[in-house]
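Asks: Provided herewith is a single structure, encoded as structure tokens, for subsequent inquiry.
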Amino acid sequence: MRFRAKIVDLACLNNFSRVVNTIARLAKTCTLRLTAGKLYFILCDKVANGGVSMWCELCQGNFFDEFQMEGVAADHNEIYLELTPENLSRALKTAQSAKAVKIKLTNKHCPCLKVSVELPSLSSSSRIVTHDIPVRVIPRRLWNDFREPRVPDFDVSIYLPALKTMKSVVERMKNLSHSIVIEANLNGEMNLKIETDLVSVTTHFKNLGNPPWASEDGCQSSAQDRDLESMAEARIDIKKLQQLLAGQQVNPTKALCNIVSKRIVHFILLHEDVSLQYFIPALA
């Protein structure tokens, strides 16, 4: 099992740092899955336990100048590592003006991702700063726990308003309530609502548009037969939503959410090189 990679291009390095910073804000620990063509950051807190799930996918060719890996076996050419993304984020912060960054899976005393940052120096010799990030290798028998979550059979799918706007609305509401209701319909309308004994506040968004989903057999999900005006809603933990909005450093070109009434809200943020899915379960 071997993995080594190198980033030389500064723009790619900064983009990769932004992705890792976003992940670090969303998950204390997560699983890094490495395949020949892609990297994935995965968080599988069981939704049944009220936890969020996350699936972030990157094409390695858009970030790395060199990328070599040998998986656990020829027929399973993948590696799954558990790590603390904050540690990786810290290591990359030292690399903002680096000439190159190398990442290698090592196993001296324990399995580590060794991040070597080559910094520009005034003399001919270069300065190299290394960070050893402890990881846990996840055995193959557990890989099935980290499969891509299915897109739920949603009632409504809608494009999100500008995330900055949404973030400032949610931050104000967070001071008043622990939970927030997201409701939307197939007419491009979405409301964010809080209700307490003392106050009820609703923010309305209009003309957001609804994504044209088609399933494998060419027909849409259960959303197809819905009355356009009828709202689907879910009450979720406001802190979890705020965490998603505050952690955003990957400015998405497209952002949407799928609501399964009273069960789950599924957010999808798409950027040219990155896709991030985030699942927040509804509160009872």
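Quick note on naming: the chains in the structure tokens go A, B, ... in the order shown, residues restart at 1 in each chain, and ligands are numbered from 1 in order of appearance.
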Can you pull out every residue within 7 Å of range 158-163 of chain A, counting only C-alpha atoms, but drop anything in the same chain fewer than 5 positions away, and send it as a PDB file with all heavy atoms, in the first residue's frame?
Replies:
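Written out: part-v7.pdb:
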```
ATOM      1  N   GLY A 188     -40.019  27.561  -7.209  1.00  0.00           N
ATOM      2  CA  GLY A 188     -38.840  28.395  -6.962  1.00  0.00           C
ATOM      3  C   GLY A 188     -38.902  29.231  -5.698  1.00  0.00           C
ATOM      4  O   GLY A 188     -38.165  30.206  -5.549  1.00  0.00           O
ATOM      5  N   LEU A 208     -36.071  31.223  -7.268  1.00  0.00           N
ATOM      6  CA  LEU A 208     -34.782  30.543  -7.133  1.00  0.00           C
ATOM      7  C   LEU A 208     -34.574  29.518  -8.248  1.00  0.00           C
ATOM      8  O   LEU A 208     -33.453  29.206  -8.611  1.00  0.00           O
ATOM      9  CB  LEU A 208     -34.692  29.838  -5.772  1.00  0.00           C
ATOM     10  CG  LEU A 208     -34.700  30.773  -4.563  1.00  0.00           C
ATOM     11  CD1 LEU A 208     -34.769  29.966  -3.269  1.00  0.00           C
ATOM     12  CD2 LEU A 208     -33.474  31.682  -4.549  1.00  0.00           C
ATOM     13  N   GLY A 209     -35.674  28.989  -8.753  1.00  0.00           N
ATOM     14  CA  GLY A 209     -35.559  27.971  -9.807  1.00  0.00           C
ATOM     15  C   GLY A 209     -35.437  26.577  -9.205  1.00  0.00           C
ATOM     16  O   GLY A 209     -34.938  26.406  -8.093  1.00  0.00           O
ATOM     17  N   ASN A 210     -35.896  25.582  -9.961  1.00  0.00           N
ATOM     18  CA  ASN A 210     -35.833  24.192  -9.508  1.00  0.00           C
ATOM     19  C   ASN A 210     -35.034  23.381 -10.514  1.00  0.00           C
ATOM     20  O   ASN A 210     -35.266  23.490 -11.711  1.00  0.00           O
ATOM     21  CB  ASN A 210     -37.249  23.609  -9.380  1.00  0.00           C
ATOM     22  CG  ASN A 210     -38.103  24.402  -8.398  1.00  0.00           C
ATOM     23  OD1 ASN A 210     -38.774  25.355  -8.774  1.00  0.00           O
ATOM     24  ND2 ASN A 210     -38.065  24.014  -7.141  1.00  0.00           N
ATOM     25  N   PRO A 211     -34.066  22.583 -10.025  1.00  0.00           N
ATOM     26  CA  PRO A 211     -33.225  21.806 -10.946  1.00  0.00           C
ATOM     27  C   PRO A 211     -34.048  20.766 -11.716  1.00  0.00           C
ATOM     28  O   PRO A 211     -34.995  20.203 -11.179  1.00  0.00           O
ATOM     29  CB  PRO A 211     -32.232  21.091 -10.021  1.00  0.00           C
ATOM     30  CG  PRO A 211     -32.349  21.761  -8.700  1.00  0.00           C
ATOM     31  CD  PRO A 211     -33.701  22.372  -8.626  1.00  0.00           C
ATOM     32  N   LEU A 245     -22.849  26.628   6.239  1.00  0.00           N
ATOM     33  CA  LEU A 245     -22.764  27.918   5.547  1.00  0.00           C
ATOM     34  C   LEU A 245     -21.515  28.689   5.946  1.00  0.00           C
ATOM     35  O   LEU A 245     -20.890  29.355   5.125  1.00  0.00           O
ATOM     36  CB  LEU A 245     -24.021  28.749   5.843  1.00  0.00           C
ATOM     37  CG  LEU A 245     -25.330  28.146   5.316  1.00  0.00           C
ATOM     38  CD1 LEU A 245     -26.524  28.887   5.898  1.00  0.00           C
ATOM     39  CD2 LEU A 245     -25.381  28.167   3.799  1.00  0.00           C
ATOM     40  N   ALA A 255     -25.520  25.687  -6.149  1.00  0.00           N
ATOM     41  CA  ALA A 255     -25.840  25.154  -4.822  1.00  0.00           C
ATOM     42  C   ALA A 255     -27.328  24.854  -4.801  1.00  0.00           C
ATOM     43  O   ALA A 255     -28.141  25.671  -5.229  1.00  0.00           O
ATOM     44  CB  ALA A 255     -25.494  26.192  -3.759  1.00  0.00           C
ATOM     45  N   LEU A 256     -27.660  23.658  -4.340  1.00  0.00           N
ATOM     46  CA  LEU A 256     -29.078  23.313  -4.298  1.00  0.00           C
ATOM     47  C   LEU A 256     -29.375  22.469  -3.079  1.00  0.00           C
ATOM     48  O   LEU A 256     -28.459  21.969  -2.413  1.00  0.00           O
ATOM     49  CB  LEU A 256     -29.493  22.581  -5.578  1.00  0.00           C
ATOM     50  CG  LEU A 256     -28.711  21.357  -6.007  1.00  0.00           C
ATOM     51  CD1 LEU A 256     -29.619  20.143  -5.999  1.00  0.00           C
ATOM     52  CD2 LEU A 256     -28.190  21.562  -7.421  1.00  0.00           C
ATOM     53  N   CYS A 257     -30.652  22.334  -2.760  1.00  0.00           N
ATOM     54  CA  CYS A 257     -31.001  21.430  -1.672  1.00  0.00           C
ATOM     55  C   CYS A 257     -32.236  20.622  -2.049  1.00  0.00           C
ATOM     56  O   CYS A 257     -33.100  21.089  -2.788  1.00  0.00           O
ATOM     57  CB  CYS A 257     -31.167  22.175  -0.348  1.00  0.00           C
ATOM     58  SG  CYS A 257     -32.767  22.830  -0.012  1.00  0.00           S
ATOM     59  N   ASN A 258     -32.235  19.390  -1.568  1.00  0.00           N
ATOM     60  CA  ASN A 258     -33.358  18.471  -1.764  1.00  0.00           C
ATOM     61  C   ASN A 258     -34.003  18.235  -0.405  1.00  0.00           C
ATOM     62  O   ASN A 258     -33.296  17.940   0.558  1.00  0.00           O
ATOM     63  CB  ASN A 258     -32.866  17.131  -2.317  1.00  0.00           C
ATOM     64  CG  ASN A 258     -32.174  17.285  -3.666  1.00  0.00           C
ATOM     65  OD1 ASN A 258     -32.544  18.140  -4.455  1.00  0.00           O
ATOM     66  ND2 ASN A 258     -31.154  16.482  -3.918  1.00  0.00           N
TER      67      ASN A 258
END
```
Asks: If we count only C-alpha atoms and set the cut-off at 6 Å, which residues sit around range 39-41 of chain A, ignoring sequence neighbours fewer than 6 positions away in its own chain? Please answer as a PDB file with N, CA, C and O atoms, in the first residue's frame.
Replies:
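Contents of the output file part39.pdb:
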```pdb
ATOM      1  N   THR A  31     -13.043  10.368   6.886  1.00  0.00           N
ATOM      2  CA  THR A  31     -12.322   9.337   6.162  1.00  0.00           C
ATOM      3  C   THR A  31     -11.846   9.923   4.844  1.00  0.00           C
ATOM      4  O   THR A  31     -12.620  10.572   4.134  1.00  0.00           O
ATOM      5  N   LEU A  32     -10.571   9.722   4.548  1.00  0.00           N
ATOM      6  CA  LEU A  32     -10.022  10.115   3.257  1.00  0.00           C
ATOM      7  C   LEU A  32      -9.906   8.850   2.417  1.00  0.00           C
ATOM      8  O   LEU A  32      -9.212   7.905   2.794  1.00  0.00           O
ATOM      9  N   ARG A  33     -10.634   8.810   1.309  1.00  0.00           N
ATOM     10  CA  ARG A  33     -10.575   7.648   0.417  1.00  0.00           C
ATOM     11  C   ARG A  33      -9.770   8.041  -0.815  1.00  0.00           C
ATOM     12  O   ARG A  33     -10.041   9.068  -1.448  1.00  0.00           O
ATOM     13  N   CYS A  56     -17.542  14.446  -0.077  1.00  0.00           N
ATOM     14  CA  CYS A  56     -16.875  15.466  -0.879  1.00  0.00           C
ATOM     15  C   CYS A  56     -15.940  14.759  -1.857  1.00  0.00           C
ATOM     16  O   CYS A  56     -15.145  13.914  -1.456  1.00  0.00           O
ATOM     17  N   GLU A  57     -16.048  15.126  -3.124  1.00  0.00           N
ATOM     18  CA  GLU A  57     -15.344  14.396  -4.178  1.00  0.00           C
ATOM     19  C   GLU A  57     -14.476  15.362  -4.978  1.00  0.00           C
ATOM     20  O   GLU A  57     -14.950  16.413  -5.398  1.00  0.00           O
ATOM     21  N   LEU A  58     -13.217  15.002  -5.193  1.00  0.00           N
ATOM     22  CA  LEU A  58     -12.294  15.837  -5.967  1.00  0.00           C
ATOM     23  C   LEU A  58     -11.610  14.977  -7.022  1.00  0.00           C
ATOM     24  O   LEU A  58     -11.218  13.845  -6.732  1.00  0.00           O
TER      25      LEU A  58
END
```
Asks: Between CA of Phe146 in chain A and CA of Ile236 in chain A, what distance in Å does the model show, to one decimal?
Replies: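 Pair CA of Phe146 in chain A / CA of Ile236 in chain A returns 23.7 Å.
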Asks: Would you please work out which residue, of A:Ile7, A:Val260, A:Ile180, A:Cys44, is nearest to Val115 in chain A when using only C-alpha atoms?
Replies: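 Once distances to Val115 in chain A are computed over only C-alpha atoms, the minimum belongs to A:Ile7.
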Asks: So the first atom is CA of Asn62 in chain A and the second is CA of Val8 in chain A; what is the distance between them in Å, to one decimal place?
Replies: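 Distance between the two atoms: 11.9 Å.
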Asks: Tell me, which residues of range 3-217 of chain A carry DSSP strand (DSSP E), written as a count of residues only?
Replies: 83
Asks: What does the distance from CA of Val135 in chain A to CA of Ala11 in chain A come to in Å, to one decimal?
Replies: 26.6 Å
Asks: Name the residues in contact with Lys28 in chain A at a cut-off of 12 Å, using only C-alpha atoms, excluding same-chain residues fewer than 4 positions from it; report them as a list in words.
Replies: Val20, Asn21, Thr22, Ile23, Ala24, Phe41, Ile42, Leu43, Cys44, Asp45, Glu82, Leu83, Thr84, Pro85, Glu86, Asn87, Leu88 and Ser89 of chain A
Asks: Which one is closest to Glu183 in chain A: A:Ala282, A:Leu119, A:Leu198, A:Cys110? Count only C-alpha atoms.
Replies: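 Smallest distance to Glu183 in chain A is found for A:Ala282.
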Asks: Rank A:Gln242, A:Ser97, A:Thr29, A:Ser53 by their smallest atom-to-atom distance to Cys12 in chain A, using only C-alpha atoms, and report the top residue only.
Replies: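 Of A:Gln242, A:Ser97, A:Thr29, A:Ser53, the one nearest Cys12 in chain A, counting only C-alpha atoms, is A:Ser97.
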Asks: Return the single residue from A:Ile133, A:Val199, A:Leu142, A:Ala284 that is closest to Arg235 in chain A, with distances computed using only C-alpha atoms.
Replies: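 Among A:Ile133, A:Val199, A:Leu142, A:Ala284, it is A:Ala284 that comes nearest to Arg235 in chain A.
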Asks: Hey, which of A:Leu122, A:Ile268, A:Cys30, A:Ile238 ends up closest to Val169 in chain A? Count only C-alpha atoms.
Replies: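 Using only C-alpha atoms, Val169 in chain A sits closest to A:Ile238.
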Asks: Tell me which protein, DNA and RNA residues are within 9 Å of Ser116 in chain A, counting only C-alpha atoms, leaving out same-chain ones fewer than 6 positions away, and put them as a PyMOL selection string.
Replies: chain A and resi 91+100-104+128-132
Asks: Enumerate, as a ChimeraX atom specification, the complete set of residues in range 5-88 of chain A that a backbone-based DSSP assignment places in alpha helix (DSSP H).
Replies: /A:10-26,85-88
Asks: Kindly save the residues from that selection, with C-alpha atoms included, as a PDB file, in the first residue's frame.
Replies:
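In the end it all went to part_31.pdb:
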```pdb
ATOM      1  CA  LEU A  10       0.166  27.645  -6.352  1.00  0.00           C
ATOM      2  CA  ALA A  11      -3.444  28.140  -7.492  1.00  0.00           C
ATOM      3  CA  CYS A  12      -4.062  24.383  -7.205  1.00  0.00           C
ATOM      4  CA  LEU A  13      -2.469  24.385  -3.762  1.00  0.00           C
ATOM      5  CA  ASN A  14      -4.683  27.234  -2.567  1.00  0.00           C
ATOM      6  CA  ASN A  15      -7.778  25.534  -3.966  1.00  0.00           C
ATOM      7  CA  PHE A  16      -6.877  22.282  -2.231  1.00  0.00           C
ATOM      8  CA  SER A  17      -6.276  24.180   1.037  1.00  0.00           C
ATOM      9  CA  ARG A  18      -9.703  25.788   0.761  1.00  0.00           C
ATOM     10  CA  VAL A  19     -11.368  22.401   0.304  1.00  0.00           C
ATOM     11  CA  VAL A  20      -9.534  20.962   3.324  1.00  0.00           C
ATOM     12  CA  ASN A  21     -10.418  24.037   5.439  1.00  0.00           C
ATOM     13  CA  THR A  22     -14.073  23.581   4.525  1.00  0.00           C
ATOM     14  CA  ILE A  23     -13.932  19.899   5.508  1.00  0.00           C
ATOM     15  CA  ALA A  24     -12.166  20.748   8.782  1.00  0.00           C
ATOM     16  CA  ARG A  25     -15.032  23.073   9.722  1.00  0.00           C
ATOM     17  CA  LEU A  26     -17.608  20.383   9.016  1.00  0.00           C
ATOM     18  CA  PRO A  85      -8.886  17.220   8.825  1.00  0.00           C
ATOM     19  CA  GLU A  86      -7.912  20.133  11.088  1.00  0.00           C
ATOM     20  CA  ASN A  87      -4.368  18.676  11.244  1.00  0.00           C
ATOM     21  CA  LEU A  88      -4.123  18.577   7.463  1.00  0.00           C
TER      22      LEU A  88
END
```
Asks: Under the rule that only C-alpha atoms are counted, which of A:Val117, A:Leu81, A:Leu241, A:Ala232 is the nearest residue to Ala98 in chain A?
Replies: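 Comparing A:Val117, A:Leu81, A:Leu241, A:Ala232 against Ala98 in chain A, the winner is A:Val117.
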Asks: Would you give me, as JSON lines, each residue of range 115-174 of chain A having an atom within 10 Å of an atom of range 271-280 of chain A, along with its shortest atom pair and that distance in Å to one decimal, using only C-alpha atoms and sorting by chain and residue number?
Replies:
```
{"residue": "A:Glu148", "atom": "CA", "partner": "A:Gln277", "partner_atom": "CA", "distance": 9.7}
{"residue": "A:Pro149", "atom": "CA", "partner": "A:Gln277", "partner_atom": "CA", "distance": 8.9}
{"residue": "A:Val151", "atom": "CA", "partner": "A:Gln277", "partner_atom": "CA", "distance": 9.5}
{"residue": "A:Pro152", "atom": "CA", "partner": "A:Phe279", "partner_atom": "CA", "distance": 9.8}
```
Asks: For range 200-205 of chain A, please output as a list of chain:residue names all residues within 7 Å (counting only C-alpha atoms; exclusion window: fewer than 6 positions along the same chain).
Replies: A:Glu189, A:Met190, A:Asn191, A:Leu192, A:Lys193, A:Ile194
Asks: Just N, CA, C and O atoms for this one: save the residues we selected as a PDB file, in the first residue's frame.
Replies:
```
ATOM      1  N   GLU A 189     -39.768  28.846  -4.755  1.00  0.00           N
ATOM      2  CA  GLU A 189     -39.891  29.632  -3.518  1.00  0.00           C
ATOM      3  C   GLU A 189     -39.341  28.839  -2.340  1.00  0.00           C
ATOM      4  O   GLU A 189     -39.587  27.642  -2.225  1.00  0.00           O
ATOM      5  N   MET A 190     -38.610  29.529  -1.482  1.00  0.00           N
ATOM      6  CA  MET A 190     -38.073  28.880  -0.286  1.00  0.00           C
ATOM      7  C   MET A 190     -38.225  29.821   0.899  1.00  0.00           C
ATOM      8  O   MET A 190     -38.032  31.030   0.771  1.00  0.00           O
ATOM      9  N   ASN A 191     -38.590  29.261   2.055  1.00  0.00           N
ATOM     10  CA  ASN A 191     -38.694  30.052   3.282  1.00  0.00           C
ATOM     11  C   ASN A 191     -37.808  29.449   4.361  1.00  0.00           C
ATOM     12  O   ASN A 191     -37.713  28.229   4.478  1.00  0.00           O
ATOM     13  N   LEU A 192     -37.186  30.309   5.128  1.00  0.00           N
ATOM     14  CA  LEU A 192     -36.467  29.886   6.343  1.00  0.00           C
ATOM     15  C   LEU A 192     -37.267  30.440   7.509  1.00  0.00           C
ATOM     16  O   LEU A 192     -37.538  31.648   7.560  1.00  0.00           O
ATOM     17  N   LYS A 193     -37.650  29.560   8.445  1.00  0.00           N
ATOM     18  CA  LYS A 193     -38.562  30.006   9.511  1.00  0.00           C
ATOM     19  C   LYS A 193     -38.064  29.561  10.877  1.00  0.00           C
ATOM     20  O   LYS A 193     -37.564  28.438  11.019  1.00  0.00           O
ATOM     21  N   ILE A 194     -38.213  30.436  11.844  1.00  0.00           N
ATOM     22  CA  ILE A 194     -38.063  29.990  13.229  1.00  0.00           C
ATOM     23  C   ILE A 194     -39.309  30.394  13.990  1.00  0.00           C
ATOM     24  O   ILE A 194     -39.922  31.418  13.689  1.00  0.00           O
TER      25      ILE A 194
END
```
